[in-house]
$ cat model.pdb   # PDB, C-alpha atoms and all ligand atoms
ATOM      1  CA  MET D1062      11.489  -9.874 -19.554
ATOM      2  CA  THR D1063      11.605  -7.481 -16.609
ATOM      3  CA  ASP D1064      11.681  -9.045 -13.148
ATOM      4  CA  ILE D1065       8.975  -6.842 -11.625
ATOM      5  CA  LEU D1066       9.609  -7.788  -7.993
ATOM      6  CA  ALA D1067      13.373  -7.236  -8.297
ATOM      7  CA  HIS D1068      12.898  -3.935 -10.138
ATOM      8  CA  ASN D1069      10.350  -2.621  -7.635
ATOM      9  CA  ARG D1070      12.492  -3.699  -4.683
ATOM     10  CA  GLU D1071      15.445  -1.720  -6.049
ATOM     11  CA  SER D1072      13.138   1.101  -6.987
ATOM     12  CA  TRP D1073      11.652   1.411  -3.467
ATOM     13  CA  ASP D1074      15.149   1.269  -1.991
ATOM     14  CA  LYS D1075      15.910   4.256  -4.229
ATOM     15  CA  GLN D1076      12.660   6.016  -3.255
ATOM     16  CA  ALA D1077      13.725   5.640   0.379
ATOM     17  CA  ALA D1078      17.185   7.065  -0.372
ATOM     18  CA  ASP D1079      15.547   9.965  -2.264
ATOM     19  CA  GLY D1080      13.111  10.741   0.588
ATOM     20  CA  ASN D1081       9.811   9.935  -1.221
ATOM     21  CA  ARG D1082       6.892  10.897   1.075
ATOM     22  CA  TRP D1083       5.950   7.218   1.660
ATOM     23  CA  THR D1084       9.400   6.479   3.062
ATOM     24  CA  VAL D1085       9.780   9.190   5.715
ATOM     25  CA  PRO D1086       9.596   7.634   9.192
ATOM     26  CA  VAL D1087       7.600   9.096  12.069
ATOM     27  CA  ASP D1088       9.434  11.030  14.781
ATOM     28  CA  SER D1089       9.608  10.171  18.487
ATOM     29  CA  ALA D1090       7.098  12.885  19.417
ATOM     30  CA  ARG D1091       4.435  11.230  17.250
ATOM     31  CA  VAL D1092       5.220   7.836  18.730
ATOM     32  CA  ALA D1093       4.889   9.313  22.247
ATOM     33  CA  ARG D1094       1.506  10.829  21.364
ATOM     34  CA  ALA D1095       0.368   7.459  19.956
ATOM     35  CA  ARG D1096       1.415   5.780  23.225
ATOM     36  CA  ALA D1097      -0.828   8.264  25.014
ATOM     37  CA  GLY D1098      -3.767   7.348  22.753
ATOM     38  CA  ASP D1099      -3.519  10.242  20.298
ATOM     39  CA  TRP D1100      -2.938   8.633  16.891
ATOM     40  CA  ALA D1101      -4.160   8.310  13.321
ATOM     41  CA  VAL D1102      -2.821   6.408  10.281
ATOM     42  CA  ASP D1103      -3.537   6.513   6.552
ATOM     43  CA  LEU D1104      -4.287   3.825   3.969
ATOM     44  CA  THR D1105      -4.659   6.443   1.211
ATOM     45  CA  PRO D1106      -2.965   9.845   0.705
ATOM     46  CA  ARG D1107      -5.002  12.122   2.934
ATOM     47  CA  LYS D1108      -7.966  10.701   4.880
ATOM     48  CA  PRO D1109      -7.186   9.035   8.197
ATOM     49  CA  VAL D1110      -8.589   5.539   8.724
ATOM     50  CA  PRO D1111     -11.632   5.536  11.070
ATOM     51  CA  ARG D1112     -10.325   4.297  14.444
ATOM     52  CA  GLU D1113     -13.271   1.878  14.817
ATOM     53  CA  TRP D1114     -12.020  -0.053  11.767
ATOM     54  CA  PHE D1115      -9.230  -1.485  13.956
ATOM     55  CA  GLY D1116     -11.490  -2.979  16.631
ATOM     56  CA  ASP D1117      -9.446  -3.794  19.732
ATOM     57  CA  LEU D1118      -5.830  -2.967  18.922
ATOM     58  CA  LYS D1119      -4.354  -3.702  22.365
ATOM     59  CA  GLY D1120      -2.263  -6.868  22.060
ATOM     60  CA  ALA D1121      -3.608  -7.613  18.538
ATOM     61  CA  ARG D1122      -1.222  -9.463  16.194
ATOM     62  CA  LEU D1123      -1.018  -7.005  13.303
ATOM     63  CA  LEU D1124       0.617  -7.566   9.906
ATOM     64  CA  GLY D1125       1.609  -4.370   8.073
ATOM     65  CA  LEU D1126       1.425  -5.741   4.533
ATOM     66  CA  ALA D1127       3.643  -3.871   2.045
ATOM     67  CA  SER D1128       3.697  -1.200   4.708
ATOM     68  CA  GLY D1129       7.396  -0.446   5.191
ATOM     69  CA  GLY D1130       8.802   3.024   5.661
ATOM     70  CA  GLY D1131       8.577   3.484   9.443
ATOM     71  CA  GLN D1132       5.205   5.184   9.226
ATOM     72  CA  GLN D1133       2.109   3.194  10.165
ATOM     73  CA  GLY D1134       3.866   0.213  11.801
ATOM     74  CA  PRO D1135       5.448   2.275  14.610
ATOM     75  CA  ILE D1136       2.231   4.203  15.290
ATOM     76  CA  LEU D1137       0.163   1.028  15.507
ATOM     77  CA  ALA D1138       2.800  -0.608  17.747
ATOM     78  CA  ALA D1139       2.798   2.434  20.026
ATOM     79  CA  ALA D1140      -1.008   2.225  20.119
ATOM     80  CA  GLY D1141      -0.715  -1.309  21.534
ATOM     81  CA  ALA D1142      -0.558  -3.772  18.604
ATOM     82  CA  ARG D1143       2.106  -6.492  18.235
ATOM     83  CA  VAL D1144       3.366  -5.484  14.810
ATOM     84  CA  THR D1145       5.111  -7.352  11.998
ATOM     85  CA  VAL D1146       5.966  -5.167   9.003
ATOM     86  CA  PHE D1147       6.276  -7.055   5.713
ATOM     87  CA  ASP D1148       7.730  -5.360   2.637
ATOM     88  CA  ALA D1149       9.737  -6.052  -0.526
ATOM     89  CA  SER D1150      12.258  -3.263   0.114
ATOM     90  CA  PRO D1151      15.119  -3.724   2.591
ATOM     91  CA  ALA D1152      15.491   0.068   2.867
ATOM     92  CA  GLN D1153      11.817   0.486   3.752
ATOM     93  CA  LEU D1154      12.077  -2.221   6.424
ATOM     94  CA  GLU D1155      15.208  -0.588   7.785
ATOM     95  CA  ARG D1156      13.066   2.493   8.516
ATOM     96  CA  ASP D1157      10.738   0.394  10.696
ATOM     97  CA  ARG D1158      13.651  -1.329  12.445
ATOM     98  CA  SER D1159      15.377   1.922  13.299
ATOM     99  CA  VAL D1160      12.201   3.594  14.627
ATOM    100  CA  SER D1161      11.440   0.441  16.608
ATOM    101  CA  GLU D1162      14.912   0.421  18.169
ATOM    102  CA  ARG D1163      14.879   4.180  18.798
ATOM    103  CA  ASP D1164      11.490   4.114  20.554
ATOM    104  CA  GLY D1165      11.438   0.557  21.982
ATOM    105  CA  LEU D1166       8.481  -0.698  19.936
ATOM    106  CA  GLY D1167       9.409  -4.375  19.411
ATOM    107  CA  ILE D1168       8.434  -4.405  15.725
ATOM    108  CA  ALA D1169       9.336  -7.531  13.702
ATOM    109  CA  THR D1170      10.250  -7.079  10.028
ATOM    110  CA  GLU D1171       9.949  -9.539   7.143
ATOM    111  CA  LEU D1172      11.282  -9.139   3.601
ATOM    112  CA  GLY D1173       9.196 -10.647   0.803
ATOM    113  CA  ASP D1174       6.548 -10.423  -1.884
ATOM    114  CA  MET D1175       3.009  -9.544  -0.755
ATOM    115  CA  ALA D1176       1.620 -12.348  -2.960
ATOM    116  CA  ASP D1177       3.531 -15.004  -1.001
ATOM    117  CA  LEU D1178       2.916 -15.110   2.750
ATOM    118  CA  SER D1179       3.825 -18.810   2.971
ATOM    119  CA  ARG D1180       6.217 -18.196   5.893
ATOM    120  CA  PHE D1181       3.168 -17.405   8.075
ATOM    121  CA  ALA D1182       0.891 -20.167   9.379
ATOM    122  CA  ASP D1183      -2.876 -20.045   8.823
ATOM    123  CA  ALA D1184      -4.706 -17.729  11.240
ATOM    124  CA  SER D1185      -1.508 -16.065  12.569
ATOM    125  CA  PHE D1186      -2.839 -12.487  12.618
ATOM    126  CA  ASP D1187      -5.830 -10.612  14.025
ATOM    127  CA  ILE D1188      -5.466  -7.557  11.761
ATOM    128  CA  ILE D1189      -3.822  -6.881   8.391
ATOM    129  CA  PHE D1190      -3.063  -3.251   7.540
ATOM    130  CA  HIS D1191      -2.368  -2.973   3.792
ATOM    131  CA  PRO D1192      -1.803   0.608   2.603
ATOM    132  CA  CYS D1193      -1.892   1.614  -1.093
ATOM    133  CA  SER D1194       0.705  -0.724  -2.595
ATOM    134  CA  ASN D1195      -1.069  -3.329  -4.688
ATOM    135  CA  CYS D1196      -0.506  -1.044  -7.691
ATOM    136  CA  PHE D1197       3.061  -2.443  -7.630
ATOM    137  CA  VAL D1198       2.076  -6.050  -8.362
ATOM    138  CA  PRO D1199       0.609  -7.409 -11.599
ATOM    139  CA  ALA D1200      -1.938  -9.720  -9.906
ATOM    140  CA  ILE D1201      -3.807  -8.961  -6.690
ATOM    141  CA  ARG D1202      -6.117 -11.949  -6.266
ATOM    142  CA  PRO D1203      -3.239 -14.011  -4.781
ATOM    143  CA  VAL D1204      -2.676 -11.182  -2.260
ATOM    144  CA  TRP D1205      -6.319 -11.261  -1.063
ATOM    145  CA  LYS D1206      -6.188 -15.082  -0.830
ATOM    146  CA  GLU D1207      -3.024 -15.063   1.239
ATOM    147  CA  ALA D1208      -4.420 -12.294   3.459
ATOM    148  CA  ALA D1209      -7.552 -14.382   4.097
ATOM    149  CA  ARG D1210      -5.453 -17.429   4.932
ATOM    150  CA  VAL D1211      -3.152 -15.789   7.475
ATOM    151  CA  LEU D1212      -5.989 -13.956   9.269
ATOM    152  CA  ARG D1213      -7.852 -15.745  12.025
ATOM    153  CA  PRO D1214     -11.632 -16.147  11.709
ATOM    154  CA  GLY D1215     -13.073 -12.871  12.966
ATOM    155  CA  GLY D1216      -9.927 -11.045  11.801
ATOM    156  CA  ARG D1217      -9.966  -7.888   9.717
ATOM    157  CA  LEU D1218      -8.208  -6.602   6.614
ATOM    158  CA  LEU D1219      -7.837  -2.836   6.202
ATOM    159  CA  ALA D1220      -6.724  -2.047   2.652
ATOM    160  CA  GLY D1221      -6.056   1.062   0.581
ATOM    161  CA  PHE D1222      -5.760   0.988  -3.207
ATOM    162  CA  CYS D1223      -5.773   3.152  -6.344
ATOM    163  CA  LEU D1224      -9.063   3.333  -8.203
ATOM    164  CA  PRO D1225      -8.832   2.227 -11.873
ATOM    165  CA  VAL D1226      -9.553   5.686 -13.323
ATOM    166  CA  LEU D1227      -6.085   6.845 -12.186
ATOM    167  CA  PHE D1228      -4.475   4.488 -14.705
ATOM    168  CA  LEU D1229      -6.487   5.583 -17.748
ATOM    169  CA  VAL D1230      -4.538   8.792 -18.152
ATOM    170  CA  GLU D1231      -0.945   9.686 -19.005
ATOM    171  CA  GLU D1232       0.768  10.352 -15.684
ATOM    172  CA  GLU D1233       3.165  13.087 -16.761
ATOM    173  CA  LYS D1234       0.408  15.075 -18.515
ATOM    174  CA  ASP D1235      -1.981  14.514 -15.596
ATOM    175  CA  ASP D1236       0.672  15.937 -13.234
ATOM    176  CA  ARG D1237       0.747  19.062 -15.441
ATOM    177  CA  GLY D1238      -3.056  19.456 -15.334
ATOM    178  CA  GLU D1239      -3.873  17.803 -18.674
ATOM    179  CA  ILE D1240      -6.156  14.759 -18.920
ATOM    180  CA  VAL D1241      -5.244  12.507 -21.859
ATOM    181  CA  VAL D1242      -6.905   9.097 -21.852
ATOM    182  CA  SER D1243      -4.389   6.710 -23.399
ATOM    183  CA  TYR D1244      -4.669   3.412 -21.552
ATOM    184  CA  ARG D1245      -7.148   0.679 -20.702
ATOM    185  CA  ILE D1246      -7.972  -1.174 -17.484
ATOM    186  CA  PRO D1247      -6.519  -3.509 -16.340
ATOM    187  CA  TYR D1248      -3.418  -1.375 -16.857
ATOM    188  CA  SER D1249       0.182  -2.549 -16.897
ATOM    189  CA  ASP D1250       3.284  -0.359 -17.264
ATOM    190  CA  THR D1251       5.124  -3.258 -18.881
ATOM    191  CA  GLU D1252       2.416  -3.869 -21.495
ATOM    192  CA  GLN D1253       0.906  -0.456 -22.231
ATOM    193  CA  LEU D1254       3.547   2.196 -21.620
ATOM    194  CA  ALA D1255       5.195   3.468 -24.841
ATOM    195  CA  PRO D1256       8.650   1.842 -25.252
ATOM    196  CA  ASP D1257      10.544   5.125 -24.671
ATOM    197  CA  LEU D1258       8.552   5.877 -21.480
ATOM    198  CA  LEU D1259       9.040   2.335 -20.182
ATOM    199  CA  LYS D1260      12.778   2.526 -20.930
ATOM    200  CA  LYS D1261      12.981   5.824 -19.044
ATOM    201  CA  LYS D1262      11.063   4.387 -16.070
ATOM    202  CA  LEU D1263      13.387   1.381 -15.912
ATOM    203  CA  GLU D1264      16.519   3.517 -16.218
ATOM    204  CA  LEU D1265      15.358   5.998 -13.571
ATOM    205  CA  LYS D1266      14.393   3.063 -11.314
ATOM    206  CA  GLN D1267      10.850   4.356 -10.880
ATOM    207  CA  PRO D1268       8.413   1.716  -9.574
ATOM    208  CA  LEU D1269       6.483  -0.251 -12.196
ATOM    209  CA  SER D1270       2.721   0.174 -11.686
ATOM    210  CA  PHE D1271      -0.417  -1.784 -12.462
ATOM    211  CA  GLY D1272      -4.036  -0.582 -12.508
ATOM    212  CA  HIS D1273      -6.485  -3.235 -11.364
ATOM    213  CA  THR D1274     -10.211  -3.525 -12.031
ATOM    214  CA  LEU D1275     -12.780  -3.101  -9.262
ATOM    215  CA  ALA D1276     -13.718  -6.723  -9.978
ATOM    216  CA  ASP D1277     -10.214  -7.657  -8.759
ATOM    217  CA  GLN D1278     -10.069  -5.075  -5.930
ATOM    218  CA  LEU D1279     -13.535  -5.559  -4.413
ATOM    219  CA  GLY D1280     -14.655  -8.810  -6.075
ATOM    220  CA  GLY D1281     -11.239 -10.314  -5.319
ATOM    221  CA  GLN D1282     -11.678  -9.654  -1.590
ATOM    222  CA  LEU D1283     -15.198 -11.142  -1.660
ATOM    223  CA  ASP D1284     -13.997 -14.181  -3.638
ATOM    224  CA  ALA D1285     -11.219 -14.717  -1.057
ATOM    225  CA  GLY D1286     -13.968 -15.096   1.566
ATOM    226  CA  PHE D1287     -14.097 -11.613   3.080
ATOM    227  CA  LEU D1288     -17.231  -9.618   3.844
ATOM    228  CA  LEU D1289     -16.932  -5.918   3.095
ATOM    229  CA  ALA D1290     -17.871  -3.803   6.091
ATOM    230  CA  GLY D1291     -16.506  -0.330   5.315
ATOM    231  CA  TYR D1292     -15.547   1.851   2.342
ATOM    232  CA  TYR D1293     -14.346   5.405   1.690
ATOM    233  CA  GLU D1294     -12.624   7.282  -1.125
ATOM    234  CA  ASP D1295      -9.794   9.792  -1.233
ATOM    235  CA  SER D1296      -7.810  11.969  -3.674
ATOM    236  CA  TRP D1297      -4.408  13.575  -4.033
ATOM    237  CA  GLU D1298      -3.940  17.061  -2.590
ATOM    238  CA  PRO D1299      -5.733  19.644  -4.806
ATOM    239  CA  GLY D1300      -3.638  20.683  -7.821
ATOM    240  CA  MET D1301      -1.421  17.559  -7.810
ATOM    241  CA  SER D1302      -3.354  15.593 -10.423
ATOM    242  CA  ALA D1303      -5.947  16.764 -12.949
ATOM    243  CA  ILE D1304      -7.938  13.537 -12.775
ATOM    244  CA  SER D1305      -7.794  13.393  -8.972
ATOM    245  CA  ASP D1306      -9.174  16.963  -8.821
ATOM    246  CA  ARG D1307     -12.281  15.684 -10.642
ATOM    247  CA  ILE D1308     -12.956  12.217  -9.245
ATOM    248  CA  PRO D1309     -11.629  10.302  -6.232
ATOM    249  CA  THR D1310      -8.686   8.151  -7.289
ATOM    250  CA  PHE D1311      -8.124   6.122  -4.103
ATOM    251  CA  ALA D1312     -10.315   3.897  -1.950
ATOM    252  CA  ALA D1313     -10.051   2.076   1.355
ATOM    253  CA  THR D1314     -11.966  -0.991   2.468
ATOM    254  CA  LEU D1315     -12.599  -2.735   5.762
ATOM    255  CA  ALA D1316     -13.033  -6.459   5.134
ATOM    256  CA  LEU D1317     -13.962  -9.040   7.752
ATOM    257  CA  LYS D1318     -13.060 -12.717   7.696
ATOM    258  CA  PRO D1319     -16.153 -14.594   8.937
TER     259      PRO D1319
HETATM  260  C1  LIG O1401       3.408   3.594  -1.271
HETATM  261  S1  LIG O1401       4.464   2.582  -0.280
HETATM  262  C2  LIG O1401       3.345   2.195   1.040
HETATM  263  C3  LIG O1401       3.974   2.156   2.412
HETATM  264  C4  LIG O1401       3.913   3.377   3.197
HETATM  265  N1  LIG O1401       4.373   3.139   4.563
HETATM  266  C5  LIG O1401       2.586   4.132   3.254
HETATM  267  O1  LIG O1401       2.570   5.117   3.934
HETATM  268  O2  LIG O1401       1.567   3.823   2.635
HETATM  269  C6  LIG O1401       4.434   1.067  -1.175
HETATM  270  C7  LIG O1401       5.226  -0.041  -0.481
HETATM  271  O3  LIG O1401       4.981  -1.261  -1.156
HETATM  272  C8  LIG O1401       6.184  -2.012  -1.149
HETATM  273  N2  LIG O1401       6.117  -3.047  -2.196
HETATM  274  C9  LIG O1401       6.157  -2.878  -3.548
HETATM  275  N3  LIG O1401       6.028  -4.072  -4.166
HETATM  276  C10 LIG O1401       5.904  -4.997  -3.180
HETATM  277  C11 LIG O1401       5.725  -6.418  -3.177
HETATM  278  N4  LIG O1401       5.635  -7.125  -4.308
HETATM  279  N5  LIG O1401       5.611  -7.039  -1.984
HETATM  280  C12 LIG O1401       5.718  -6.354  -0.819
HETATM  281  N6  LIG O1401       5.883  -5.007  -0.763
HETATM  282  C13 LIG O1401       5.966  -4.344  -1.926
HETATM  283  C14 LIG O1401       7.257  -0.954  -1.374
HETATM  284  O4  LIG O1401       8.542  -1.412  -1.013
HETATM  285  C15 LIG O1401       6.728   0.184  -0.505
HETATM  286  O5  LIG O1401       7.259   0.133   0.786
END

$ encode --input "model.pdb" --output "structure tokens"
Amino acid sequence: MTDILAHNRESWDKQAADGNRWTVPVDSARVARARAGDWAVDLTPRKPVPREWFGDLKGARLLGLASGGGQQGPILAAAGARVTVFDASPAQLERDRSVSERDGLGIATELGDMADLSRFADASFDIIFHPCSNCFVPAIRPVWKEAARVLRPGGRLLAGFCLPVLFLVEEEKDDRGEIVVSYRIPYSDTEQLAPDLLKKKLELKQPLSFGHTLADQLGGQLDAGFLLAGYYEDSWEPGMSAISDRIPTFAATLALKP
């Protein structure tokens, strides 16, 4: 049986080496602008997160959950948060460490699995920033539960995720503009991908993906004790995905811990 965490760790290390767009760190000019109050970050491919979703960022203890790559962590640190970036990929965390050292941002990094935050005490963070990444774990309810535990009462969870419709269709055909519905939701690469496609994915060290239901994405946050306070949807850039040209394929939520 495939060790999903180990495979995806190696795979994201490779994505970082290959320069995947989610692994390219911010430059010093952007960090300087963020220090001056001019900043925006994304939870989904294109739409910036509304600034009011963060509440008061100055001095806030912020956990960037599965947020490595030297992108959002450095911007949020420059905007005044005390940032810990948590990720499964050493190469992704190295991006945050090097930007932090280069620009004096004091970011802490932690290597691990988003479903296990046991190293953090209850109520250790004011904000969790969790960009689109729960498509890389087979079960997301444990992630919401752990997020609720490590946030203080009154804390907030900002999360981006893929909408289920994205996983109904064959990815390679979708990329070429063809919509072929072949899968069911919940989706799992390891259970539903044809054996030759799965073999290729494993050999090429591409990340293994999972498509979760809205019951697990939204209901899972509510069941973990959060109240939903904000929602928007997003898509890939036009022409990148046939399905995403027709219906939003990403969403972001603001959830509050009472
Ligand atoms: C699409 S990238 C998101 C980060 C990126 N900075 C962004 O702009 O959204 C997905 C991230 O999830 C991380 N990841 C995958 N599986 C994980 C797991 N089980 N636990 C923690 N992080 C994981 C990857 O290493 C990668 O850095």

$ residues_near_point --input "model.pdb" --point "(-8.1, -2.0, 6.5)" --cutoff "9 Å" --atoms "all atoms listed in the file" --output "ChimeraX atom specification"
/D:1104,1110,1114-1115,1188-1192,1217-1221,1291,1313-1316

$ axis_aligned_box --input "model.pdb" --around "ligand LIG 1401 (chain O)" --padding-each-side "8 Å" --output "AutoDock Vina command-line options"
--center_x 5.1 --center_y -1.0 --center_z 0.1 --size_x 23.0 --size_y 28.2 --size_z 24.9

$ residues_near_ligand --input "model.pdb" --ligand "ligand LIG 1401 (chain O)" --cutoff "7 Å" --atoms "only C-alpha atoms and all ligand atoms" --output "ChimeraX atom specification"
/D:1066,1069-1070,1073,1083-1084,1103-1105,1126-1133,1147-1150,1153,1173-1176,1192-1194,1197-1198

$ closest_residue --input "model.pdb" --among "D:Leu1254, D:Ile1240, D:Val1226, D:Val1087" --to "Ser1159 in chain D" --atoms "only C-alpha atoms"
D:Val1087

$ atom_distance --input "model.pdb" --atom1 "CA of Ala1276 in chain D" --atom2 "CA of Ser1296 in chain D"
20.6 Å

$ residues_around --input "model.pdb" --residues "Trp1297 in chain D" --least-positions-apart "6" --cutoff "8 Å" --atoms "only C-alpha atoms" --output "list of chain:residue names"
D:Pro1106, D:Arg1107, D:Ser1305, D:Asp1306, D:Thr1310

$ residues_around --input "model.pdb" --residues "Phe1271 in chain D" --least-positions-apart "2" --cutoff "9 Å" --atoms "all atoms listed in the file" --output "ChimeraX atom specification"
/D:1195-1200,1228,1247-1251,1269,1273

$ residues_around --input "model.pdb" --residues "Gly1167 in chain D" --least-positions-apart "5" --cutoff "12 Å" --atoms "only C-alpha atoms" --output "ChimeraX atom specification"
/D:1134-1139,1141-1146,1157-1162

$ write_last_selection --input "model.pdb" --atoms "C-alpha atoms" --output "tab-separated table (two decimals), in the frame of the given file"
chain	number	residue	atom	x	y	z
D	1134	GLY	CA	3.87	0.21	11.80
D	1135	PRO	CA	5.45	2.28	14.61
D	1136	ILE	CA	2.23	4.20	15.29
D	1137	LEU	CA	0.16	1.03	15.51
D	1138	ALA	CA	2.80	-0.61	17.75
D	1139	ALA	CA	2.80	2.43	20.03
D	1141	GLY	CA	-0.72	-1.31	21.53
D	1142	ALA	CA	-0.56	-3.77	18.60
D	1143	ARG	CA	2.11	-6.49	18.24
D	1144	VAL	CA	3.37	-5.48	14.81
D	1145	THR	CA	5.11	-7.35	12.00
D	1146	VAL	CA	5.97	-5.17	9.00
D	1157	ASP	CA	10.74	0.39	10.70
D	1158	ARG	CA	13.65	-1.33	12.44
D	1159	SER	CA	15.38	1.92	13.30
D	1160	VAL	CA	12.20	3.59	14.63
D	1161	SER	CA	11.44	0.44	16.61
D	1162	GLU	CA	14.91	0.42	18.17

$ closest_residue --input "model.pdb" --among "D:Asp1187, D:Pro1309, D:Ala1090, D:Met1062" --to "Lys1119 in chain D" --atoms "all atoms listed in the file"
D:Asp1187

$ residues_around --input "model.pdb" --residues "Trp1205 in chain D" --least-positions-apart "2" --cutoff "7 Å" --atoms "all atoms listed in the file" --output "number ranges by chain"
D: 1201-1203, 1207-1209, 1281-1282, 1285

$ closest_residue --input "model.pdb" --among "D:Pro1299, D:Gly1165, D:Pro1225, D:Pro1151" --to "Ala1078 in chain D" --atoms "all atoms listed in the file"
D:Pro1151

$ closest_residue --input "model.pdb" --among "D:Ala1169, D:Ala1077, D:Leu1283, D:Leu1227" --to "Lys1206 in chain D" --atoms "only C-alpha atoms"
D:Leu1283

$ resolve_selection --input "model.pdb" --expression "the PyMOL selection byres (((chain D and resi 1223) around 6) and not hetatm)" --output "list of chain:residue names"
D:Phe1222, D:Leu1224, D:Thr1310, D:Phe1311

$ residues_around --input "model.pdb" --residues "Gln1253 in chain D" --least-positions-apart "6" --cutoff "12 Å" --atoms "all atoms listed in the file" --output "ChimeraX atom specification"
/D:1228-1231,1243-1247,1259,1269-1272

$ atom_distance --input "model.pdb" --atom1 "CA of Glu1298 in chain D" --atom2 "CA of Pro1111 in chain D"
19.5 Å

$ atom_distance --input "model.pdb" --atom1 "CA of Arg1156 in chain D" --atom2 "CA of Gly1116 in chain D"
26.4 Å

$ closest_residue --input "model.pdb" --among "D:Ala1152, D:Ala1184, D:Val1092, D:Ile1308" --to "Leu1172 in chain D" --atoms "all atoms listed in the file"
D:Ala1152

$ closest_residue --input "model.pdb" --among "D:Arg1163, D:Arg1237, D:Lys1318, D:Lys1262" --to "Asp1284 in chain D" --atoms "all atoms listed in the file"
D:Lys1318
